[in-house]
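Raw query17.cif, mmCIF, C-alpha atoms:
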data_data
loop_
_atom_site.group_PDB
_atom_site.id
_atom_site.type_symbol
_atom_site.label_atom_id
_atom_site.label_comp_id
_atom_site.auth_asym_id
_atom_site.auth_seq_id
_atom_site.Cartn_x
_atom_site.Cartn_y
_atom_site.Cartn_z
ATOM 1 C CA MET T 1 42.978 51.176 112.640
ATOM 2 C CA LYS T 2 46.075 50.514 114.680
ATOM 3 C CA HIS T 3 45.748 50.209 118.445
ATOM 4 C CA PRO T 4 47.040 53.323 120.321
ATOM 5 C CA LEU T 5 49.502 51.204 122.277
ATOM 6 C CA PHE T 6 50.964 49.875 119.019
ATOM 7 C CA GLN T 7 51.271 53.437 117.632
ATOM 8 C CA SER T 8 53.180 54.604 120.754
ATOM 9 C CA LEU T 9 55.516 51.604 120.592
ATOM 10 C CA SER T 10 56.256 52.205 116.894
ATOM 11 C CA ALA T 11 57.067 55.861 117.542
ATOM 12 C CA ALA T 12 59.423 54.924 120.370
ATOM 13 C CA LEU T 13 61.259 52.378 118.196
ATOM 14 C CA LEU T 14 61.642 54.933 115.377
ATOM 15 C CA LEU T 15 63.105 57.530 117.743
ATOM 16 C CA LEU T 16 65.545 54.968 119.147
ATOM 17 C CA ALA T 17 66.712 54.064 115.638
ATOM 18 C CA LEU T 18 67.337 57.684 114.716
ATOM 19 C CA CYS T 19 69.385 58.235 117.867
ATOM 20 C CA ALA T 20 71.470 55.158 117.095
ATOM 21 C CA CYS T 21 72.281 56.503 113.590
ATOM 22 C CA THR T 22 73.551 59.851 114.881
ATOM 23 C CA ALA T 23 75.434 58.679 117.995
ATOM 24 C CA ALA T 24 79.169 58.152 117.682
ATOM 25 C CA SER T 25 80.696 54.815 118.589
ATOM 26 C CA PRO T 26 82.725 54.788 121.819
ATOM 27 C CA ASP T 27 86.003 54.411 119.891
ATOM 28 C CA GLN T 28 85.232 57.272 117.488
ATOM 29 C CA THR T 29 87.008 60.625 117.923
ATOM 30 C CA PRO T 30 85.048 63.601 116.657
ATOM 31 C CA ASN T 31 86.739 65.448 113.788
ATOM 32 C CA PRO T 32 88.554 68.566 115.045
ATOM 33 C CA PRO T 33 87.228 71.933 113.822
ATOM 34 C CA PRO T 34 88.945 73.189 110.682
ATOM 35 C CA GLU T 35 91.860 75.519 111.304
ATOM 36 C CA THR T 36 91.136 79.173 110.722
ATOM 37 C CA ALA T 37 92.959 81.013 107.926
ATOM 38 C CA GLU T 38 93.655 84.084 110.015
ATOM 39 C CA SER T 39 97.196 85.332 109.532
ATOM 40 C CA VAL T 40 99.278 86.330 112.511
ATOM 41 C CA GLU T 41 101.099 89.612 111.959
ATOM 42 C CA THR T 42 104.772 89.263 112.751
ATOM 43 C CA GLU T 43 106.352 92.071 114.730
ATOM 44 C CA PRO T 44 109.454 93.366 112.890
ATOM 45 C CA VAL T 45 112.840 92.919 114.541
ATOM 46 C CA LEU T 46 114.251 96.157 115.964
ATOM 47 C CA VAL T 47 117.894 96.804 115.055
ATOM 48 C CA GLU T 48 119.492 99.747 116.825
ATOM 49 C CA ARG T 49 122.035 101.619 114.705
ATOM 50 C CA ASP T 50 124.657 104.265 115.427
ATOM 51 C CA TRP T 51 124.136 106.831 112.700
ATOM 52 C CA SER T 52 125.305 109.772 114.792
ATOM 53 C CA ALA T 53 127.953 110.723 112.212
ATOM 54 C CA PHE T 54 125.216 111.623 109.739
ATOM 55 C CA PHE T 55 123.559 114.033 112.182
ATOM 56 C CA GLN T 56 126.653 116.157 112.942
ATOM 57 C CA GLY T 57 125.473 117.020 116.432
ATOM 58 C CA MET T 58 121.856 117.765 115.492
ATOM 59 C CA GLN T 59 119.107 116.301 117.657
ATOM 60 C CA GLY T 60 117.152 113.736 115.700
ATOM 61 C CA SER T 61 116.243 110.202 114.776
ATOM 62 C CA ALA T 62 116.205 107.981 111.704
ATOM 63 C CA VAL T 63 114.223 104.864 110.803
ATOM 64 C CA LEU T 64 114.691 102.456 107.893
ATOM 65 C CA TYR T 65 111.974 99.806 107.646
ATOM 66 C CA ASP T 66 112.692 96.773 105.465
ATOM 67 C CA PRO T 67 109.404 94.843 105.054
ATOM 68 C CA GLN T 68 111.054 91.934 103.203
ATOM 69 C CA ARG T 69 113.339 91.166 106.124
ATOM 70 C CA GLN T 70 110.819 92.394 108.670
ATOM 71 C CA GLU T 71 113.492 94.608 110.219
ATOM 72 C CA VAL T 72 113.285 98.148 111.561
ATOM 73 C CA HIS T 73 116.680 99.851 111.743
ATOM 74 C CA VAL T 74 116.600 102.752 114.185
ATOM 75 C CA PHE T 75 118.866 105.552 115.346
ATOM 76 C CA GLN T 76 117.777 107.011 118.713
ATOM 77 C CA PRO T 77 114.865 104.612 119.498
ATOM 78 C CA SER T 78 113.244 106.822 122.140
ATOM 79 C CA LEU T 79 113.004 109.736 119.699
ATOM 80 C CA ALA T 80 111.816 107.349 116.982
ATOM 81 C CA GLU T 81 108.804 106.490 119.162
ATOM 82 C CA THR T 82 108.028 110.096 120.163
ATOM 83 C CA ARG T 83 105.123 111.727 118.339
ATOM 84 C CA ARG T 84 105.622 115.132 116.777
ATOM 85 C CA SER T 85 103.719 117.373 114.382
ATOM 86 C CA PRO T 86 103.972 115.953 110.834
ATOM 87 C CA CYS T 87 103.898 119.403 109.191
ATOM 88 C CA SER T 88 104.108 119.193 105.384
ATOM 89 C CA THR T 89 104.822 115.450 105.302
ATOM 90 C CA PHE T 90 101.068 115.190 105.903
ATOM 91 C CA LYS T 91 100.561 116.373 102.316
ATOM 92 C CA ILE T 92 101.216 112.757 101.304
ATOM 93 C CA VAL T 93 98.250 111.596 103.374
ATOM 94 C CA SER T 94 95.903 114.477 102.561
ATOM 95 C CA ALA T 95 96.599 113.962 98.857
ATOM 96 C CA PHE T 96 96.081 110.198 99.199
ATOM 97 C CA ALA T 97 92.747 110.716 100.979
ATOM 98 C CA ALA T 98 91.601 113.267 98.386
ATOM 99 C CA LEU T 99 92.644 111.009 95.499
ATOM 100 C CA GLU T 100 90.800 108.040 96.997
ATOM 101 C CA ALA T 101 87.657 110.127 97.562
ATOM 102 C CA GLY T 102 87.733 111.619 94.059
ATOM 103 C CA VAL T 103 88.118 115.144 95.453
ATOM 104 C CA LEU T 104 91.492 115.402 93.703
ATOM 105 C CA GLN T 105 91.773 114.547 90.011
ATOM 106 C CA PRO T 106 95.426 114.847 88.869
ATOM 107 C CA GLU T 107 94.421 115.632 85.275
ATOM 108 C CA ASP T 108 92.106 118.465 86.423
ATOM 109 C CA SER T 109 93.628 119.632 89.690
ATOM 110 C CA THR T 110 94.163 123.383 89.276
ATOM 111 C CA ARG T 111 92.882 125.530 92.118
ATOM 112 C CA ALA T 112 92.564 129.283 91.969
ATOM 113 C CA TRP T 113 94.860 131.628 93.853
ATOM 114 C CA SER T 114 92.918 134.025 96.060
ATOM 115 C CA GLY T 115 95.113 136.975 95.192
ATOM 116 C CA GLU T 116 96.614 137.161 98.677
ATOM 117 C CA VAL T 117 100.368 137.678 98.425
ATOM 118 C CA PHE T 118 102.285 135.014 100.357
ATOM 119 C CA TRP T 119 105.921 134.933 101.425
ATOM 120 C CA ASN T 120 106.653 132.177 98.892
ATOM 121 C CA ASP T 121 106.391 133.623 95.371
ATOM 122 C CA GLU T 122 105.653 130.159 93.962
ATOM 123 C CA TRP T 123 102.310 130.209 95.798
ATOM 124 C CA ASN T 124 101.140 133.481 94.277
ATOM 125 C CA ARG T 125 99.359 131.999 91.266
ATOM 126 C CA ASP T 126 96.897 129.296 90.279
ATOM 127 C CA LEU T 127 98.430 125.901 91.018
ATOM 128 C CA ASP T 128 97.823 122.306 89.998
ATOM 129 C CA PHE T 129 98.549 119.272 92.176
ATOM 130 C CA SER T 130 102.112 118.753 90.955
ATOM 131 C CA ASP T 131 103.079 122.416 91.370
ATOM 132 C CA ALA T 132 101.451 122.608 94.801
ATOM 133 C CA PHE T 133 103.169 119.445 96.038
ATOM 134 C CA HIS T 134 106.609 120.426 94.791
ATOM 135 C CA SER T 135 106.350 123.947 96.232
ATOM 136 C CA SER T 136 104.695 122.552 99.405
ATOM 137 C CA CYS T 137 101.917 125.123 99.040
ATOM 138 C CA VAL T 138 99.952 125.303 102.272
ATOM 139 C CA TRP T 139 96.924 127.236 100.945
ATOM 140 C CA TYR T 140 96.382 124.626 98.189
ATOM 141 C CA PHE T 141 96.328 121.728 100.648
ATOM 142 C CA ARG T 142 94.283 123.717 103.182
ATOM 143 C CA GLN T 143 91.656 124.092 100.452
ATOM 144 C CA LEU T 144 91.961 120.436 99.480
ATOM 145 C CA ILE T 145 91.500 119.271 103.074
ATOM 146 C CA ASP T 146 88.478 121.538 103.557
ATOM 147 C CA GLU T 147 86.918 120.118 100.387
ATOM 148 C CA LEU T 148 87.461 116.632 101.766
ATOM 149 C CA GLY T 149 85.916 117.627 105.110
ATOM 150 C CA PRO T 150 86.433 116.439 108.702
ATOM 151 C CA GLU T 151 84.487 113.182 108.408
ATOM 152 C CA ARG T 152 86.312 111.800 105.387
ATOM 153 C CA MET T 153 89.663 113.077 106.634
ATOM 154 C CA GLN T 154 89.095 111.336 109.972
ATOM 155 C CA GLN T 155 88.200 108.118 108.174
ATOM 156 C CA ALA T 156 91.453 108.344 106.205
ATOM 157 C CA VAL T 157 93.751 108.852 109.216
ATOM 158 C CA ASP T 158 91.933 106.113 111.146
ATOM 159 C CA ARG T 159 92.315 103.736 108.205
ATOM 160 C CA LEU T 160 96.048 104.468 108.018
ATOM 161 C CA GLN T 161 96.492 104.425 111.831
ATOM 162 C CA TYR T 162 98.166 107.797 111.482
ATOM 163 C CA GLY T 163 99.795 108.596 114.822
ATOM 164 C CA ASN T 164 97.297 109.949 117.342
ATOM 165 C CA CYS T 165 94.629 110.484 114.606
ATOM 166 C CA ASP T 166 93.699 113.753 116.332
ATOM 167 C CA LEU T 167 92.078 116.290 113.986
ATOM 168 C CA SER T 168 90.363 118.193 116.802
ATOM 169 C CA ASP T 169 92.107 121.477 115.980
ATOM 170 C CA TRP T 170 90.757 121.435 112.426
ATOM 171 C CA SER T 171 91.410 125.128 111.801
ATOM 172 C CA GLY T 172 94.882 125.123 113.376
ATOM 173 C CA ALA T 173 94.064 127.683 116.055
ATOM 174 C CA ARG T 174 96.705 126.187 118.362
ATOM 175 C CA ASN T 175 99.510 126.956 115.929
ATOM 176 C CA GLN T 176 101.666 129.573 117.676
ATOM 177 C CA ASN T 177 103.631 130.492 114.556
ATOM 178 C CA ASN T 178 100.887 131.454 112.110
ATOM 179 C CA ASN T 179 97.361 132.822 112.486
ATOM 180 C CA ASN T 180 96.565 133.056 108.773
ATOM 181 C CA PRO T 181 93.670 130.590 108.174
ATOM 182 C CA ALA T 182 95.008 129.825 104.695
ATOM 183 C CA LEU T 183 98.385 128.765 106.050
ATOM 184 C CA THR T 184 97.637 126.600 109.056
ATOM 185 C CA GLY T 185 95.731 123.530 110.183
ATOM 186 C CA PHE T 186 95.655 120.541 112.515
ATOM 187 C CA TRP T 187 98.770 119.063 110.854
ATOM 188 C CA ILE T 188 101.053 122.068 111.491
ATOM 189 C CA GLU T 189 102.286 122.237 115.107
ATOM 190 C CA SER T 190 98.768 121.528 116.337
ATOM 191 C CA SER T 191 96.631 118.537 117.387
ATOM 192 C CA LEU T 192 97.863 115.858 114.956
ATOM 193 C CA ALA T 193 101.098 114.058 115.897
ATOM 194 C CA ILE T 194 103.052 111.041 114.655
ATOM 195 C CA SER T 195 106.381 109.389 115.470
ATOM 196 C CA PRO T 196 109.201 108.751 112.978
ATOM 197 C CA ARG T 197 108.637 105.012 113.218
ATOM 198 C CA GLU T 198 104.904 105.445 112.626
ATOM 199 C CA GLN T 199 105.713 107.544 109.565
ATOM 200 C CA THR T 200 107.440 104.542 107.970
ATOM 201 C CA GLU T 201 104.525 102.275 108.864
ATOM 202 C CA VAL T 202 102.043 104.655 107.244
ATOM 203 C CA MET T 203 104.207 104.805 104.108
ATOM 204 C CA GLU T 204 104.105 101.008 103.984
ATOM 205 C CA ARG T 205 100.311 100.993 104.368
ATOM 206 C CA ILE T 206 99.898 103.427 101.487
ATOM 207 C CA PHE T 207 102.526 102.175 99.056
ATOM 208 C CA GLY T 208 102.445 98.546 100.133
ATOM 209 C CA GLY T 209 98.969 98.045 98.721
ATOM 210 C CA ASP T 210 96.327 100.109 100.543
ATOM 211 C CA GLY T 211 94.098 102.137 98.248
ATOM 212 C CA SER T 212 93.960 102.170 94.461
ATOM 213 C CA GLN T 213 96.899 101.799 92.133
ATOM 214 C CA ALA T 214 95.911 105.074 90.460
ATOM 215 C CA SER T 215 96.240 106.953 93.780
ATOM 216 C CA ARG T 216 99.630 105.417 94.506
ATOM 217 C CA GLN T 217 100.872 106.174 91.019
ATOM 218 C CA ALA T 218 99.769 109.823 91.239
ATOM 219 C CA LEU T 219 101.639 110.168 94.523
ATOM 220 C CA GLU T 220 104.765 108.459 93.241
ATOM 221 C CA GLU T 221 104.906 110.885 90.317
ATOM 222 C CA VAL T 222 105.005 113.950 92.581
ATOM 223 C CA MET T 223 107.196 112.352 95.271
ATOM 224 C CA ALA T 224 109.976 111.130 92.943
ATOM 225 C CA TYR T 225 113.453 112.595 93.487
ATOM 226 C CA GLU T 226 116.198 112.658 90.872
ATOM 227 C CA THR T 227 119.110 110.863 92.539
ATOM 228 C CA ASN T 228 121.063 109.318 89.613
ATOM 229 C CA THR T 229 121.255 106.054 91.531
ATOM 230 C CA PRO T 230 120.253 102.437 90.758
ATOM 231 C CA TYR T 231 117.402 102.902 93.226
ATOM 232 C CA GLN T 232 114.561 105.433 93.047
ATOM 233 C CA VAL T 233 113.702 107.691 95.994
ATOM 234 C CA TYR T 234 110.228 109.060 96.764
ATOM 235 C CA GLY T 235 109.703 111.479 99.617
ATOM 236 C CA LYS T 236 108.322 114.651 101.145
ATOM 237 C CA THR T 237 109.914 117.205 103.433
ATOM 238 C CA GLY T 238 108.171 119.031 106.260
ATOM 239 C CA MET T 239 109.135 121.694 108.749
ATOM 240 C CA GLY T 240 107.405 123.345 111.694
ATOM 241 C CA LYS T 241 108.301 126.351 113.798
ATOM 242 C CA VAL T 242 107.232 127.701 117.185
ATOM 243 C CA ASN T 243 107.889 131.405 117.738
ATOM 244 C CA GLY T 244 110.075 131.395 114.644
ATOM 245 C CA VAL T 245 112.305 128.534 115.807
ATOM 246 C CA VAL T 246 112.442 125.216 113.917
ATOM 247 C CA VAL T 247 111.177 122.454 116.218
ATOM 248 C CA ASP T 248 110.339 119.748 113.674
ATOM 249 C CA ALA T 249 112.092 118.993 110.401
ATOM 250 C CA TRP T 250 111.243 115.888 108.385
ATOM 251 C CA PHE T 251 111.946 113.857 105.300
ATOM 252 C CA THR T 252 109.906 110.689 104.882
ATOM 253 C CA GLY T 253 108.985 108.308 102.080
ATOM 254 C CA PHE T 254 110.454 105.201 100.497
ATOM 255 C CA ALA T 255 113.133 103.954 98.123
ATOM 256 C CA ARG T 256 112.770 101.139 95.626
ATOM 257 C CA GLN T 257 115.276 98.919 93.875
ATOM 258 C CA ASP T 258 114.331 95.821 91.861
ATOM 259 C CA ALA T 259 110.719 96.328 92.977
ATOM 260 C CA GLN T 260 111.738 95.975 96.645
ATOM 261 C CA PRO T 261 110.671 98.940 98.833
ATOM 262 C CA LEU T 262 112.525 100.387 101.797
ATOM 263 C CA TYR T 263 110.562 102.864 103.914
ATOM 264 C CA PHE T 264 112.432 105.670 105.654
ATOM 265 C CA CYS T 265 112.009 108.654 107.920
ATOM 266 C CA VAL T 266 114.432 111.230 109.296
ATOM 267 C CA TRP T 267 113.325 113.727 111.933
ATOM 268 C CA LEU T 268 115.343 116.641 113.328
ATOM 269 C CA GLY T 269 114.405 118.568 116.440
ATOM 270 C CA GLN T 270 115.340 121.987 117.759
ATOM 271 C CA SER T 271 119.090 122.264 117.233
ATOM 272 C CA GLU T 272 121.556 124.300 115.234
ATOM 273 C CA GLY T 273 121.336 123.487 111.540
ATOM 274 C CA ALA T 274 117.994 121.663 111.751
ATOM 275 C CA SER T 275 115.896 122.115 108.624
ATOM 276 C CA SER T 276 113.904 119.985 106.207
ATOM 277 C CA PRO T 277 116.686 120.131 103.557
ATOM 278 C CA ALA T 278 119.116 118.896 106.232
ATOM 279 C CA ALA T 279 116.754 116.014 107.087
ATOM 280 C CA ARG T 280 116.512 115.160 103.395
ATOM 281 C CA GLU T 281 120.297 115.103 102.968
ATOM 282 C CA ILE T 282 120.696 112.814 105.980
ATOM 283 C CA ALA T 283 118.087 110.436 104.581
ATOM 284 C CA LEU T 284 119.705 110.377 101.142
ATOM 285 C CA ASP T 285 123.125 109.700 102.713
ATOM 286 C CA LEU T 286 121.695 106.875 104.819
ATOM 287 C CA LEU T 287 120.070 105.320 101.755
ATOM 288 C CA ALA T 288 123.329 105.573 99.819
ATOM 289 C CA GLN T 289 125.174 103.783 102.624
ATOM 290 C CA TRP T 290 122.424 101.159 102.918
ATOM 291 C CA TYR T 291 122.509 100.233 99.239
ATOM 292 C CA ALA T 292 126.301 100.489 98.938
ATOM 293 C CA ALA T 293 126.689 98.056 101.836
ATOM 294 C CA GLY T 294 124.353 95.604 100.153
ATOM 295 C CA ASP T 295 121.865 95.780 103.020
ATOM 296 C CA SER T 296 119.091 95.682 100.469
#
Any chance you could give the structure as structure tokens?
Amino acid sequence: MKHPLFQSLSAALLLLALCACTAASPDQTPNPPPETAESVETEPVLVERDWSAFFQGMQGSAVLYDPQRQEVHVFQPSLAETRRSPCSTFKIVSAFAALEAGVLQPEDSTRAWSGEVFWNDEWNRDLDFSDAFHSSCVWYFRQLIDELGPERMQQAVDRLQYGNCDLSDWSGARNQNNNNPALTGFWIESSLAISPREQTEVMERIFGGDGSQASRQALEEVMAYETNTPYQVYGKTGMGKVNGVVVDAWFTGFARQDAQPLYFCVWLGQSEGASSPAAREIALDLLAQWYAAGDS
């Protein structure tokens, strides 16, 4: 048997050897930690534009967002950053959320008319998704949103960073223009609000790759406009009133040429001639100028 003193000495020598193997030499520089692969999001360049001629004296703003160039072209920047009720432009988002959740199936999307006679004759019948989107039928999307429910709807607007993400007035009780539960909600002159610039950013999040290809394709089919141009336009109008007066009129969406998207939004406020068709015409004229000038 080894003497205890010898055992202690052997253990000490072994520990010293191990320390010597792991210690770095004085002239050694430790390897730096590997660089992280996190990408830094580049803030787009803001380009202020004078598009007043298109507005013909109407109060409003316009935004064209070019993600390839990372440029945001803006008319009336302060209005472009001001949040307003999205009105029927929110049908893009509610449809996207319902498609992603499986609540809306385009091939089996018909919902029954209650029999209540509405001011728009196109709403007074059973409707499928395409018919409801093109006629901007409020009762259809009210039903769709209720089927989706507050929790999933909140998750969708949070995911898309949709304006103030405020769905607190779920039923639309704050809407001063309509007290029919079938024809109102948080997205119609109520708690939810978004700016014109944010509208373009949300369009980019949806059609730039968020969500499934099937959901994007279903939306593109109902949003497509016939323009007889080399580029295709996809969009949705929206209009809100307070005490019978138009206070918000929208047209938002995107255009595509050679697979390159350009996201747009036109908003009109309370002024003579303001309407969602007027907002759409301004947007289409701006797109025509943009592509004619070779800005794309």
Sorted by chain and rising residue number, list the residues of range 181-250 of chain T at most 7 Å from range 69-88 of chain T (counting only C-alpha atoms), each with its closest atom pair and distance in Å to one decimal, as CSV.
residue,atom,partner,partner_atom,distance
T:Trp187,CA,T:Cys87,CA,5.4
T:Ile188,CA,T:Cys87,CA,4.5
T:Glu189,CA,T:Ser85,CA,5.1
T:Ser190,CA,T:Ser85,CA,6.8
T:Leu192,CA,T:Ser85,CA,6.1
T:Ala193,CA,T:Ser85,CA,4.5
T:Ile194,CA,T:Arg83,CA,4.3
T:Ser195,CA,T:Arg83,CA,3.9
T:Pro196,CA,T:Ala80,CA,5.0
T:Arg197,CA,T:Ala80,CA,5.5
T:Thr237,CA,T:Ser88,CA,6.4
T:Gly238,CA,T:Ser88,CA,4.2
T:Met239,CA,T:Cys87,CA,5.7
T:Gly240,CA,T:Cys87,CA,5.8
Next item on the list: Spell out the residues picked by the PyMOL selection byres ((chain T and resi 139) around 12) here, as a VMD selection string.
Entry: chain T and resid 88 91 111 to 120 122 to 127 129 132 to 133 135 to 138 140 to 146 180 to 185
Keeping only C-alpha atoms, write the selected residues to a file as an mmCIF file, keeping the file's coordinate frame.
data_model
loop_
_atom_site.group_PDB
_atom_site.id
_atom_site.type_symbol
_atom_site.label_atom_id
_atom_site.label_comp_id
_atom_site.auth_asym_id
_atom_site.auth_seq_id
_atom_site.Cartn_x
_atom_site.Cartn_y
_atom_site.Cartn_z
ATOM 1 C CA SER T 88 104.108 119.193 105.384
ATOM 2 C CA LYS T 91 100.561 116.373 102.316
ATOM 3 C CA ARG T 111 92.882 125.530 92.118
ATOM 4 C CA ALA T 112 92.564 129.283 91.969
ATOM 5 C CA TRP T 113 94.860 131.628 93.853
ATOM 6 C CA SER T 114 92.918 134.025 96.060
ATOM 7 C CA GLY T 115 95.113 136.975 95.192
ATOM 8 C CA GLU T 116 96.614 137.161 98.677
ATOM 9 C CA VAL T 117 100.368 137.678 98.425
ATOM 10 C CA PHE T 118 102.285 135.014 100.357
ATOM 11 C CA TRP T 119 105.921 134.933 101.425
ATOM 12 C CA ASN T 120 106.653 132.177 98.892
ATOM 13 C CA GLU T 122 105.653 130.159 93.962
ATOM 14 C CA TRP T 123 102.310 130.209 95.798
ATOM 15 C CA ASN T 124 101.140 133.481 94.277
ATOM 16 C CA ARG T 125 99.359 131.999 91.266
ATOM 17 C CA ASP T 126 96.897 129.296 90.279
ATOM 18 C CA LEU T 127 98.430 125.901 91.018
ATOM 19 C CA PHE T 129 98.549 119.272 92.176
ATOM 20 C CA ALA T 132 101.451 122.608 94.801
ATOM 21 C CA PHE T 133 103.169 119.445 96.038
ATOM 22 C CA SER T 135 106.350 123.947 96.232
ATOM 23 C CA SER T 136 104.695 122.552 99.405
ATOM 24 C CA CYS T 137 101.917 125.123 99.040
ATOM 25 C CA VAL T 138 99.952 125.303 102.272
ATOM 26 C CA TYR T 140 96.382 124.626 98.189
ATOM 27 C CA PHE T 141 96.328 121.728 100.648
ATOM 28 C CA ARG T 142 94.283 123.717 103.182
ATOM 29 C CA GLN T 143 91.656 124.092 100.452
ATOM 30 C CA LEU T 144 91.961 120.436 99.480
ATOM 31 C CA ILE T 145 91.500 119.271 103.074
ATOM 32 C CA ASP T 146 88.478 121.538 103.557
ATOM 33 C CA ASN T 180 96.565 133.056 108.773
ATOM 34 C CA PRO T 181 93.670 130.590 108.174
ATOM 35 C CA ALA T 182 95.008 129.825 104.695
ATOM 36 C CA LEU T 183 98.385 128.765 106.050
ATOM 37 C CA THR T 184 97.637 126.600 109.056
ATOM 38 C CA GLY T 185 95.731 123.530 110.183
#
Sorted by chain and rising residue number, which residues of range 142-236 of chain T lie within 12 Å of range 52-65 of chain T, and what are their closest atom pairs and distances in Å to one decimal, counting only C-alpha atoms, as JSON lines?
{"residue": "T:Ser195", "atom": "CA", "partner": "T:Ser61", "partner_atom": "CA", "distance": 9.9}
{"residue": "T:Pro196", "atom": "CA", "partner": "T:Val63", "partner_atom": "CA", "distance": 6.7}
{"residue": "T:Arg197", "atom": "CA", "partner": "T:Val63", "partner_atom": "CA", "distance": 6.1}
{"residue": "T:Glu198", "atom": "CA", "partner": "T:Val63", "partner_atom": "CA", "distance": 9.5}
{"residue": "T:Gln199", "atom": "CA", "partner": "T:Val63", "partner_atom": "CA", "distance": 9.0}
{"residue": "T:Thr200", "atom": "CA", "partner": "T:Tyr65", "partner_atom": "CA", "distance": 6.6}
{"residue": "T:Glu201", "atom": "CA", "partner": "T:Tyr65", "partner_atom": "CA", "distance": 7.9}
{"residue": "T:Val202", "atom": "CA", "partner": "T:Tyr65", "partner_atom": "CA", "distance": 11.1}
{"residue": "T:Met203", "atom": "CA", "partner": "T:Tyr65", "partner_atom": "CA", "distance": 9.9}
{"residue": "T:Glu204", "atom": "CA", "partner": "T:Tyr65", "partner_atom": "CA", "distance": 8.8}
Q.
Translate the PyMOL selection byres ((chain T and resi 165) around 9) into a concrete residue list for this structure, as number ranges by chain.
A. T: 154, 157-158, 161-164, 166-167, 191-194
A straight line from CA of Phe251 in chain T to CA of Thr89 in chain T spans 7.3 Å
Need the axis-aligned box for range 157-175 of chain T with 3 Å each side, so what are the centre and edges in Å to one decimal, as AutoDock Vina command-line options?
--center_x 95.1 --center_y 115.7 --center_z 113.2 --size_x 15.4 --size_y 29.9 --size_z 16.3
Provide the CA of Glu220 in chain T to CA of Asp66 in chain T distance in Å, to one decimal place.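 CA of Asp66 in chain T lies at a distance of 18.7 Å from CA of Glu220 in chain T.
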Output requested as an mmCIF file, keeping the file's coordinate frame - range 85-100 of chain T, filled out with N, CA and C atoms.
data_model
loop_
_atom_site.group_PDB
_atom_site.id
_atom_site.type_symbol
_atom_site.label_atom_id
_atom_site.label_comp_id
_atom_site.auth_asym_id
_atom_site.auth_seq_id
_atom_site.Cartn_x
_atom_site.Cartn_y
_atom_site.Cartn_z
ATOM 1 N N SER T 85 104.551 116.869 115.470
ATOM 2 C CA SER T 85 103.719 117.373 114.382
ATOM 3 C C SER T 85 104.291 116.941 113.036
ATOM 4 N N PRO T 86 103.458 116.411 112.130
ATOM 5 C CA PRO T 86 103.972 115.953 110.834
ATOM 6 C C PRO T 86 104.287 117.078 109.864
ATOM 7 N N CYS T 87 103.688 118.256 110.086
ATOM 8 C CA CYS T 87 103.898 119.403 109.191
ATOM 9 C C CYS T 87 103.613 118.985 107.738
ATOM 10 N N SER T 88 104.442 119.412 106.800
ATOM 11 C CA SER T 88 104.108 119.193 105.384
ATOM 12 C C SER T 88 104.258 117.757 104.910
ATOM 13 N N THR T 89 104.828 116.862 105.709
ATOM 14 C CA THR T 89 104.822 115.450 105.302
ATOM 15 C C THR T 89 103.394 114.933 105.228
ATOM 16 N N PHE T 90 102.466 115.619 105.934
ATOM 17 C CA PHE T 90 101.068 115.190 105.903
ATOM 18 C C PHE T 90 100.439 115.405 104.526
ATOM 19 N N LYS T 91 101.081 116.178 103.672
ATOM 20 C CA LYS T 91 100.561 116.373 102.316
ATOM 21 C C LYS T 91 100.467 115.045 101.563
ATOM 22 N N ILE T 92 101.325 114.088 101.912
ATOM 23 C CA ILE T 92 101.216 112.757 101.304
ATOM 24 C C ILE T 92 99.855 112.143 101.639
ATOM 25 N N VAL T 93 99.490 112.228 102.912
ATOM 26 C CA VAL T 93 98.250 111.596 103.374
ATOM 27 C C VAL T 93 97.020 112.368 102.914
ATOM 28 N N SER T 94 97.062 113.698 102.998
ATOM 29 C CA SER T 94 95.903 114.477 102.561
ATOM 30 C C SER T 94 95.663 114.288 101.061
ATOM 31 N N ALA T 95 96.752 114.213 100.284
ATOM 32 C CA ALA T 95 96.599 113.962 98.857
ATOM 33 C C ALA T 95 96.051 112.562 98.606
ATOM 34 N N PHE T 96 96.565 111.578 99.348
ATOM 35 C CA PHE T 96 96.081 110.198 99.199
ATOM 36 C C PHE T 96 94.585 110.114 99.503
ATOM 37 N N ALA T 97 94.162 110.742 100.605
ATOM 38 C CA ALA T 97 92.747 110.716 100.979
ATOM 39 C C ALA T 97 91.893 111.401 99.917
ATOM 40 N N ALA T 98 92.370 112.534 99.397
ATOM 41 C CA ALA T 98 91.601 113.267 98.386
ATOM 42 C C ALA T 98 91.545 112.505 97.070
ATOM 43 N N LEU T 99 92.626 111.837 96.706
ATOM 44 C CA LEU T 99 92.644 111.009 95.499
ATOM 45 C C LEU T 99 91.667 109.840 95.622
ATOM 46 N N GLU T 100 91.688 109.182 96.780
ATOM 47 C CA GLU T 100 90.800 108.040 96.997
ATOM 48 C C GLU T 100 89.333 108.452 96.982
#
